[in-house]
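As stored in coords_37.cif (mmCIF, C-alpha atoms):
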data_protein
loop_
_atom_site.label_atom_id
_atom_site.label_comp_id
_atom_site.auth_asym_id
_atom_site.auth_seq_id
_atom_site.Cartn_x
_atom_site.Cartn_y
_atom_site.Cartn_z
CA MET A 1 72.42 -134.06 -21.47
CA GLN A 2 70.80 -136.22 -24.17
CA LEU A 3 68.98 -139.27 -22.86
CA VAL A 4 66.66 -141.71 -24.60
CA ILE A 5 63.66 -141.98 -22.32
CA ASN A 6 60.88 -144.40 -23.25
CA GLY A 7 62.14 -144.33 -26.81
CA GLN A 8 62.13 -140.51 -27.07
CA GLU A 9 65.25 -138.37 -27.25
CA LYS A 10 65.19 -135.89 -24.40
CA ASP A 11 67.56 -133.06 -23.61
CA LEU A 12 67.53 -132.68 -19.84
CA GLN A 13 69.33 -129.98 -17.88
CA SER A 14 69.53 -131.12 -14.28
CA SER A 15 69.26 -134.89 -14.38
CA ALA A 16 72.54 -136.10 -12.94
CA THR A 17 70.80 -138.97 -11.13
CA ILE A 18 67.57 -140.94 -11.54
CA THR A 19 65.97 -139.03 -8.67
CA LEU A 20 66.78 -135.71 -10.35
CA MET A 21 65.57 -136.95 -13.73
CA LEU A 22 62.20 -137.98 -12.28
CA LYS A 23 61.95 -134.54 -10.70
CA GLU A 24 62.77 -132.77 -13.96
CA LEU A 25 60.19 -134.90 -15.80
CA ASP A 26 57.64 -134.21 -13.06
CA ILE A 27 57.02 -137.89 -12.39
CA THR A 28 55.88 -138.16 -8.83
CA GLY A 29 53.77 -141.33 -8.67
CA SER A 30 54.86 -144.00 -6.24
CA HIS A 31 53.98 -146.99 -8.42
CA ILE A 32 56.65 -146.55 -11.06
CA ALA A 33 59.77 -148.46 -11.97
CA VAL A 34 62.91 -147.48 -13.85
CA ALA A 35 65.29 -149.49 -16.00
CA LEU A 36 68.63 -148.04 -17.02
CA ASN A 37 70.22 -149.54 -20.12
CA PHE A 38 67.93 -152.58 -19.77
CA GLN A 39 68.70 -153.20 -16.07
CA VAL A 40 65.99 -152.64 -13.48
CA VAL A 41 67.16 -150.12 -10.88
CA PRO A 42 65.96 -150.69 -7.30
CA ARG A 43 64.09 -147.68 -5.94
CA SER A 44 66.55 -147.36 -3.07
CA ASN A 45 69.33 -146.66 -5.58
CA TYR A 46 67.67 -143.77 -7.45
CA ASP A 47 69.61 -141.15 -5.48
CA GLN A 48 72.99 -142.70 -6.15
CA THR A 49 72.52 -143.86 -9.75
CA PRO A 50 74.21 -141.39 -12.10
CA LEU A 51 73.01 -140.84 -15.66
CA HIS A 52 75.33 -140.45 -18.62
CA GLU A 53 75.02 -138.99 -22.11
CA GLY A 54 73.10 -141.39 -24.36
CA ASP A 55 71.73 -143.61 -21.58
CA LYS A 56 68.58 -145.53 -22.39
CA VAL A 57 65.97 -145.13 -19.71
CA GLU A 58 62.63 -146.88 -19.36
CA ILE A 59 60.08 -145.50 -16.93
CA VAL A 60 56.98 -147.65 -16.51
CA HIS A 61 53.80 -147.77 -14.48
CA ALA A 62 50.67 -149.88 -14.19
CA VAL A 63 47.98 -149.45 -16.82
CA GLY A 64 44.73 -151.27 -17.46
CA GLY A 65 45.22 -154.75 -18.84
CA GLY A 66 43.84 -158.27 -18.77
CA MET B 1 16.60 -171.52 9.23
CA GLU B 2 19.53 -171.07 6.90
CA THR B 3 18.16 -169.75 3.63
CA ALA B 4 21.40 -169.53 1.66
CA VAL B 5 24.21 -172.01 1.30
CA LYS B 6 27.77 -171.01 0.68
CA THR B 7 30.51 -172.61 -1.34
CA GLU B 8 32.60 -175.06 0.63
CA SER B 9 36.01 -173.65 0.01
CA ASN B 10 37.97 -170.63 -1.05
CA LEU B 11 40.52 -170.23 -3.81
CA LYS B 12 44.05 -170.45 -2.44
CA ILE B 13 46.89 -169.24 -4.64
CA ALA B 14 50.37 -169.39 -3.13
CA ASP B 15 49.98 -167.84 0.34
CA LYS B 16 46.74 -165.95 -0.36
CA VAL B 17 43.16 -167.02 0.14
CA PHE B 18 40.40 -165.51 -1.99
CA SER B 19 36.70 -165.87 -1.33
CA SER B 20 35.90 -164.78 -4.89
CA ARG B 21 36.90 -167.12 -7.69
CA LEU B 22 36.63 -164.38 -10.28
CA ILE B 23 39.77 -162.52 -11.34
CA VAL B 24 39.07 -159.43 -13.42
CA GLY B 25 41.20 -157.45 -15.85
CA THR B 26 41.40 -153.68 -15.99
CA GLY B 27 41.76 -153.13 -19.74
CA LYS B 28 39.37 -151.65 -22.32
CA TYR B 29 37.00 -149.81 -19.98
CA ALA B 30 35.48 -146.52 -21.10
CA SER B 31 36.90 -144.72 -18.06
CA PHE B 32 38.81 -145.33 -14.84
CA GLU B 33 35.57 -144.69 -12.96
CA GLN B 34 33.64 -147.31 -14.93
CA ASN B 35 36.54 -149.69 -14.36
CA ARG B 36 36.46 -149.04 -10.62
CA GLN B 37 32.73 -149.67 -10.42
CA ALA B 38 32.92 -152.85 -12.49
CA LEU B 39 35.64 -154.24 -10.21
CA GLU B 40 33.58 -153.40 -7.16
CA ILE B 41 30.42 -155.04 -8.55
CA SER B 42 32.26 -158.15 -9.75
CA GLY B 43 33.38 -158.91 -6.22
CA ALA B 44 36.85 -159.78 -7.54
CA GLU B 45 39.67 -159.74 -5.01
CA MET B 46 42.48 -160.17 -7.51
CA ILE B 47 42.80 -157.89 -10.53
CA THR B 48 45.24 -157.82 -13.41
CA VAL B 49 47.17 -154.80 -14.63
CA ALA B 50 49.66 -154.31 -17.44
CA VAL B 51 53.04 -152.59 -17.21
CA ARG B 52 53.71 -149.91 -19.81
CA ARG B 53 55.88 -146.88 -20.46
CA ILE B 54 54.69 -143.67 -18.82
CA GLU B 55 53.65 -141.23 -21.54
CA LEU B 56 56.02 -138.37 -20.83
CA ASP B 57 53.95 -135.58 -22.34
CA LYS B 58 50.54 -136.59 -21.01
CA THR B 59 48.90 -136.56 -17.61
CA LYS B 60 50.28 -139.47 -15.68
CA GLU B 61 47.06 -140.86 -14.29
CA SER B 62 47.06 -144.51 -13.39
CA ILE B 63 44.34 -147.03 -12.66
CA LEU B 64 45.95 -147.32 -9.24
CA ASN B 65 44.75 -143.80 -8.41
CA TYR B 66 41.18 -145.07 -8.67
CA ILE B 67 41.24 -148.28 -6.72
CA ASP B 68 42.01 -149.13 -3.15
CA PRO B 69 45.23 -151.15 -3.26
CA GLU B 70 44.39 -152.63 0.14
CA LYS B 71 41.26 -154.18 -1.29
CA TYR B 72 42.76 -156.04 -4.23
CA THR B 73 45.69 -158.33 -4.83
CA LEU B 74 47.35 -157.10 -7.99
CA LEU B 75 48.30 -159.53 -10.69
CA PRO B 76 50.57 -157.67 -13.11
CA ASN B 77 50.79 -159.34 -16.48
CA THR B 78 53.53 -159.54 -19.07
CA ALA B 79 51.07 -159.10 -21.94
CA GLY B 80 52.65 -158.04 -25.17
CA CYS B 81 55.94 -159.81 -24.45
CA TYR B 82 57.25 -162.12 -27.16
CA SER B 83 60.52 -163.26 -25.56
CA VAL B 84 61.74 -164.70 -22.27
CA LYS B 85 63.99 -161.68 -21.75
CA GLU B 86 61.19 -159.12 -22.16
CA THR B 87 58.91 -161.19 -19.94
CA VAL B 88 61.40 -161.46 -17.08
CA MET B 89 62.23 -157.77 -17.26
CA THR B 90 58.56 -156.76 -17.30
CA ALA B 91 57.92 -158.89 -14.20
CA GLU B 92 60.93 -157.35 -12.44
CA LEU B 93 59.72 -153.85 -13.31
CA ALA B 94 56.25 -154.68 -11.97
CA ARG B 95 57.69 -155.85 -8.67
CA GLU B 96 59.93 -152.81 -8.42
CA ALA B 97 56.90 -150.59 -9.12
CA GLY B 98 55.34 -152.00 -5.95
CA LEU B 99 52.75 -154.15 -7.70
CA GLY B 100 53.56 -157.16 -5.53
CA ASN B 101 54.98 -160.62 -5.93
CA PHE B 102 52.38 -162.22 -8.16
CA VAL B 103 52.87 -162.24 -11.91
CA LYS B 104 50.77 -163.49 -14.77
CA VAL B 105 53.35 -164.77 -17.22
CA GLU B 106 52.08 -164.19 -20.73
CA VAL B 107 54.49 -164.80 -23.57
CA ILE B 108 52.74 -164.37 -26.89
CA GLY B 109 53.78 -166.65 -29.72
CA ASP B 110 51.49 -165.46 -32.48
CA GLU B 111 50.11 -162.01 -33.10
CA LYS B 112 46.92 -163.07 -34.83
CA THR B 113 45.66 -165.65 -32.35
CA LEU B 114 47.53 -164.33 -29.29
CA PHE B 115 48.23 -167.95 -28.48
CA PRO B 116 51.05 -168.38 -25.98
CA ASP B 117 54.59 -169.42 -26.82
CA ASN B 118 54.49 -172.35 -24.41
CA GLU B 119 58.19 -173.10 -24.59
CA ALA B 120 59.09 -169.52 -23.69
CA THR B 121 56.33 -169.48 -21.06
CA LEU B 122 57.89 -172.48 -19.34
CA GLU B 123 61.37 -170.95 -19.49
CA ALA B 124 60.30 -167.51 -18.23
CA SER B 125 58.18 -169.08 -15.48
CA LYS B 126 61.14 -171.14 -14.31
CA LEU B 127 63.36 -168.04 -14.04
CA LEU B 128 60.69 -166.03 -12.23
CA VAL B 129 59.86 -168.80 -9.74
CA LYS B 130 63.58 -168.94 -8.89
CA ASP B 131 63.50 -165.17 -8.44
CA GLY B 132 60.78 -165.47 -5.80
CA PHE B 133 57.66 -164.62 -7.81
CA HIS B 134 54.31 -166.36 -7.46
CA VAL B 135 53.90 -167.28 -11.09
CA LEU B 136 50.52 -167.78 -12.78
CA PRO B 137 51.19 -168.64 -16.41
CA TYR B 138 48.72 -168.09 -19.27
CA CYS B 139 49.12 -171.24 -21.34
CA SER B 140 47.54 -173.63 -23.80
CA ASP B 141 44.98 -176.14 -22.53
CA ASP B 142 47.57 -178.88 -22.67
CA VAL B 143 47.81 -181.34 -19.81
CA VAL B 144 51.51 -182.16 -20.33
CA LEU B 145 52.47 -178.50 -20.36
CA CYS B 146 50.38 -177.73 -17.27
CA LYS B 147 52.04 -180.61 -15.42
CA LYS B 148 55.47 -179.20 -16.34
CA LEU B 149 54.44 -175.73 -15.19
CA GLU B 150 53.34 -177.17 -11.86
CA ASP B 151 56.58 -179.15 -11.54
CA ILE B 152 58.75 -176.04 -11.90
CA GLY B 153 56.84 -174.34 -9.09
CA CYS B 154 54.06 -172.27 -10.64
CA SER B 155 51.40 -171.25 -8.11
CA ALA B 156 48.56 -171.96 -10.55
CA VAL B 157 48.12 -172.80 -14.20
CA MET B 158 45.93 -170.67 -16.42
CA PRO B 159 44.93 -172.48 -19.59
CA LEU B 160 42.98 -170.53 -22.17
CA ALA B 161 39.44 -171.65 -22.97
CA ALA B 162 39.43 -169.89 -26.35
CA PRO B 163 41.54 -167.09 -27.90
CA ILE B 164 41.92 -163.89 -25.85
CA GLY B 165 38.98 -161.56 -26.39
CA SER B 166 37.18 -164.04 -28.67
CA GLY B 167 34.23 -164.74 -26.38
CA LEU B 168 33.95 -168.23 -27.86
CA GLY B 169 33.50 -169.93 -24.49
CA ILE B 170 35.00 -173.23 -23.32
CA ARG B 171 36.11 -174.85 -26.60
CA ASN B 172 37.56 -178.00 -25.09
CA PRO B 173 36.06 -178.88 -21.71
CA TYR B 174 37.63 -182.34 -21.90
CA ASN B 175 41.14 -180.90 -21.95
CA ILE B 176 40.29 -178.74 -18.95
CA LYS B 177 39.00 -181.85 -17.13
CA LEU B 178 42.23 -183.71 -17.88
CA ILE B 179 44.28 -180.78 -16.55
CA LEU B 180 42.15 -180.72 -13.39
CA GLU B 181 42.89 -184.40 -12.85
CA ALA B 182 46.61 -184.01 -13.46
CA VAL B 183 47.65 -180.98 -11.39
CA ASN B 184 47.23 -180.04 -7.76
CA VAL B 185 47.72 -176.28 -8.07
CA PRO B 186 44.62 -174.22 -8.92
CA VAL B 187 43.49 -174.33 -12.54
CA ILE B 188 42.24 -170.92 -13.59
CA ILE B 189 40.60 -170.46 -16.96
CA ASP B 190 42.21 -167.43 -18.55
CA ALA B 191 40.62 -166.02 -21.68
CA GLY B 192 37.80 -167.00 -23.95
CA VAL B 193 34.70 -166.43 -21.81
CA GLY B 194 31.98 -164.51 -23.65
CA THR B 195 28.97 -164.43 -21.38
CA ALA B 196 27.65 -165.62 -18.02
CA SER B 197 26.74 -169.15 -19.16
CA ASP B 198 30.35 -169.66 -20.33
CA ALA B 199 31.55 -168.70 -16.87
CA SER B 200 29.11 -171.07 -15.16
CA ARG B 201 30.02 -173.90 -17.48
CA ALA B 202 33.71 -173.42 -16.73
CA MET B 203 33.09 -173.36 -13.00
CA GLU B 204 30.89 -176.48 -13.25
CA LEU B 205 33.95 -178.35 -14.53
CA GLY B 206 35.51 -177.71 -11.14
CA VAL B 207 38.15 -175.16 -12.06
CA GLY B 208 39.56 -173.05 -9.26
CA GLY B 209 38.69 -169.75 -10.85
CA LEU B 210 38.22 -167.64 -13.94
CA LEU B 211 40.14 -164.67 -15.27
CA MET B 212 38.32 -162.40 -17.65
CA ASN B 213 38.56 -158.89 -19.03
CA THR B 214 36.91 -158.35 -22.43
CA ALA B 215 33.71 -160.23 -21.53
CA ILE B 216 32.97 -157.54 -18.93
CA ALA B 217 34.69 -154.46 -20.34
CA GLY B 218 33.42 -155.09 -23.85
CA ALA B 219 29.77 -155.71 -22.90
CA LYS B 220 27.21 -153.05 -23.81
CA ASP B 221 26.70 -152.52 -20.10
CA PRO B 222 29.91 -153.54 -18.31
CA LEU B 223 28.45 -152.99 -14.86
CA LYS B 224 25.52 -155.35 -15.47
CA MET B 225 27.88 -157.91 -16.96
CA ALA B 226 30.18 -157.61 -13.93
CA GLN B 227 27.21 -158.54 -11.74
CA ALA B 228 26.19 -161.35 -14.12
CA MET B 229 29.71 -162.81 -14.01
CA LYS B 230 29.85 -162.64 -10.24
CA LEU B 231 26.62 -164.63 -10.00
CA ALA B 232 27.61 -167.03 -12.79
CA VAL B 233 30.92 -167.90 -11.15
CA LEU B 234 29.22 -168.43 -7.83
CA SER B 235 26.37 -170.52 -9.24
CA GLY B 236 28.73 -172.56 -11.39
CA ARG B 237 30.85 -173.33 -8.35
CA LEU B 238 27.80 -174.25 -6.26
CA ALA B 239 26.55 -176.56 -9.01
CA TYR B 240 29.98 -178.23 -9.16
CA GLU B 241 30.01 -178.77 -5.41
CA ALA B 242 26.37 -179.92 -5.42
CA GLY B 243 27.13 -182.58 -8.04
CA ARG B 244 24.92 -182.66 -11.11
CA ILE B 245 22.62 -185.56 -12.02
CA PRO B 246 23.88 -187.97 -14.66
CA ARG B 247 22.76 -187.39 -18.24
CA LYS B 248 20.26 -190.00 -19.47
CA LEU B 249 18.68 -190.58 -22.82
CA TYR B 250 15.13 -191.30 -21.59
CA ALA B 251 12.78 -189.56 -19.20
CA THR B 252 12.47 -190.31 -15.50
CA ALA B 253 9.21 -189.08 -13.99
CA SER B 254 9.46 -186.54 -11.20
CA SER B 255 5.92 -187.22 -9.93
CA PRO B 256 5.09 -190.55 -8.22
CA ILE B 257 3.65 -193.36 -10.31
CA ASP B 258 1.68 -194.71 -7.33
CA GLY B 259 -1.66 -193.17 -6.40
CA LEU B 260 -2.77 -192.16 -9.89
CA ILE B 261 -6.54 -191.87 -10.22
CA ASP B 262 -8.06 -194.79 -12.02
CA ILE B 263 -10.71 -193.84 -14.56
#
Can the structure from this file be put into structure tokens for me?
Amino acid sequence: MQLVINGQEKDLQSSATITLMLKELDITGSHIAVALNFQVVPRSNYDQTPLHEGDKVEIVHAVGGG
Amino acid sequence: METAVKTESNLKIADKVFSSRLIVGTGKYASFEQNRQALEISGAEMITVAVRRIELDKTKESILNYIDPEKYTLLPNTAGCYSVKETVMTAELAREAGLGNFVKVEVIGDEKTLFPDNEATLEASKLLVKDGFHVLPYCSDDVVLCKKLEDIGCSAVMPLAAPIGSGLGIRNPYNIKLILEAVNVPVIIDAGVGTASDASRAMELGVGGLLMNTAIAGAKDPLKMAQAMKLAVLSGRLAYEAGRIPRKLYATASSPIDGLIDI
């Protein structure tokens, strides 16, 4: 399935939900957040939120800043 | 006998009380370890972070792996946002990422000066206050604007002293004084401090606190500067509370006039 993740086109095999996508991308940190098609997805919904061909996903975390 | 005096009061922002009036950024350090040490030395209890895309093909290390989240209140910023929509979404992502309920609203209006878009700042702050955030907006040193930001429920106002990263110091202390007179929420100087004397001077005006990043991270020795800033903020605050002598044009002798020898 083709997804656009953080602006990059990605072809993922087993990412039917956000939880599975994070697993496939090997993103394990707790302090992350996900937006799907410009809507922030609550962490408690990762398991139930399906992904579809062409979805735009943003995965963010905290970085140094002032 | 008491040999040291303490400042009279703490900095209270929303529901949190801070004994340090210095808020420190986490950008531009040479390493996470240097950053961690600088934070520790500065004595800061609130630190800013930015929210950015995870780099998918790189190691996913975060500043949060290096600091004790119990020790600091995080103040995620919306740096780099140019619109209300981006700003609100960045704040929501920060909260969802577990960075807490505080947000430094920063809506940039001009790339060259990094001056804020005050109209968008007011609008975004309004939306985020309604959404339950404790909003600390980075804004111009404008008393009318700061009053409006207080009126819509911001937990503090954070006027700039000079452009971000410029190190020019407090360019308009009179504006800061007017803001201090006009608002009841804490006034925190955000941006513009270059060295310790700038920090002291700001604190001597009576501001609630100071937020700085480049002044420490960009110094030749960031750890020494972190210590210098800690002391400067403290001494500036003490001097404010102590109440300085009035400025006079002519001298006033410190030694008694009476009892001079008569030759």
> Written as a PyMOL selection string, what is the full residue list that the PyMOL selection byres ((chain A) within 7 of (chain B)) yields on the file shown?
Replying inline: chain A and resi 6+31-33+40+42+58-66
>> Between CA of Asp117 in chain B and CA of Cys81 in chain B, what is the distance in Å, rounded to a tenth?
In response: 10.0 Å
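Taking CA of Ser235 in chain B and CA of Ala156 in chain B as the two end points, the separation is 22.3 Å.
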> Please, which residues are within 6 Å of (67.4, -148.4, -22.2) by the file's coordinates, counting all atoms listed in the file, and could they come as number ranges by chain?
Replying inline: A: 36-38, 56-58
>> Please enumerate the residues selected by the PyMOL selection byres ((chain B and resi 229) around 10) when evaluated against the supplied file, formatted as a PyMOL selection string.
In response: chain B and resi 22+24+41-43+193+195-200+210+212+215-216+223-228+230-235
> By how many Å are CA of Gly209 in chain B and CA of Asp221 in chain B apart?
Replying inline: 22.9 Å
> In terms of the shortest atom-to-atom distance over only C-alpha atoms, which of B:Met203, B:Val135, B:Ala219, B:Ala120 is closest to Thr7 in chain B?
Replying inline: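 So, comparing all the options, the nearest one is B:Met203.
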> Which residue out of B:Ile152, B:Ala253, B:Ala242, B:Leu114 has the minimum interatomic distance to Lys130 in chain B when only C-alpha atoms are used?
Replying inline: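 Closest residue, counting only C-alpha atoms: B:Ile152.
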> Got a sec: who's within 12 Å of Leu12 in chain A, counting all atoms listed in the file, leaving out chain neighbours fewer than 5 positions off, as a count of residues only?
Replying inline: 18
> Just so the selection is clear, what residues does the PyMOL selection byres ((chain B and resi 184) around 12) cover here, as a list in words?
Replying inline: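 Output from the PyMOL selection byres ((chain B and resi 184) around 12), applied to this file: Lys12, Ile13, Cys146, Lys147, Lys148, Leu149, Glu150, Asp151, Gly153, Cys154, Ser155, Ala156, Val157, Leu178, Ile179, Leu180, Glu181, Ala182, Val183, Val185, Pro186, Val187, Ile188, Val207 and Gly208 of chain B.
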Store the residues picked out above in a file with C-alpha atoms, as a short mmCIF file (atom, residue, chain, number, x, y, z; two decimals), in the frame of the given file.
data_model
loop_
_atom_site.label_atom_id
_atom_site.label_comp_id
_atom_site.auth_asym_id
_atom_site.auth_seq_id
_atom_site.Cartn_x
_atom_site.Cartn_y
_atom_site.Cartn_z
CA LYS B 12 44.05 -170.45 -2.44
CA ILE B 13 46.89 -169.24 -4.64
CA CYS B 146 50.38 -177.73 -17.27
CA LYS B 147 52.04 -180.61 -15.42
CA LYS B 148 55.47 -179.20 -16.34
CA LEU B 149 54.44 -175.73 -15.19
CA GLU B 150 53.34 -177.17 -11.86
CA ASP B 151 56.58 -179.15 -11.54
CA GLY B 153 56.84 -174.34 -9.09
CA CYS B 154 54.06 -172.27 -10.64
CA SER B 155 51.40 -171.25 -8.11
CA ALA B 156 48.56 -171.96 -10.55
CA VAL B 157 48.12 -172.80 -14.20
CA LEU B 178 42.23 -183.71 -17.88
CA ILE B 179 44.28 -180.78 -16.55
CA LEU B 180 42.15 -180.72 -13.39
CA GLU B 181 42.89 -184.40 -12.85
CA ALA B 182 46.61 -184.01 -13.46
CA VAL B 183 47.65 -180.98 -11.39
CA VAL B 185 47.72 -176.28 -8.07
CA PRO B 186 44.62 -174.22 -8.92
CA VAL B 187 43.49 -174.33 -12.54
CA ILE B 188 42.24 -170.92 -13.59
CA VAL B 207 38.15 -175.16 -12.06
CA GLY B 208 39.56 -173.05 -9.26
#
> Which of these, B:Ala202, B:Val17, B:Val129, B:Val88, has the shortest distance to Leu160 in chain B once you count all atoms listed in the file?
Replying inline: B:Ala202
> Can you find the residues with an atom no farther than 12 Å from (55.0, -173.5, -21.4), counting all atoms listed in the file, and report them as an NGL selection string?
Replying inline: :B and (84 or 105-109 or 115-126 or 136-152 or 154 or 157-159)
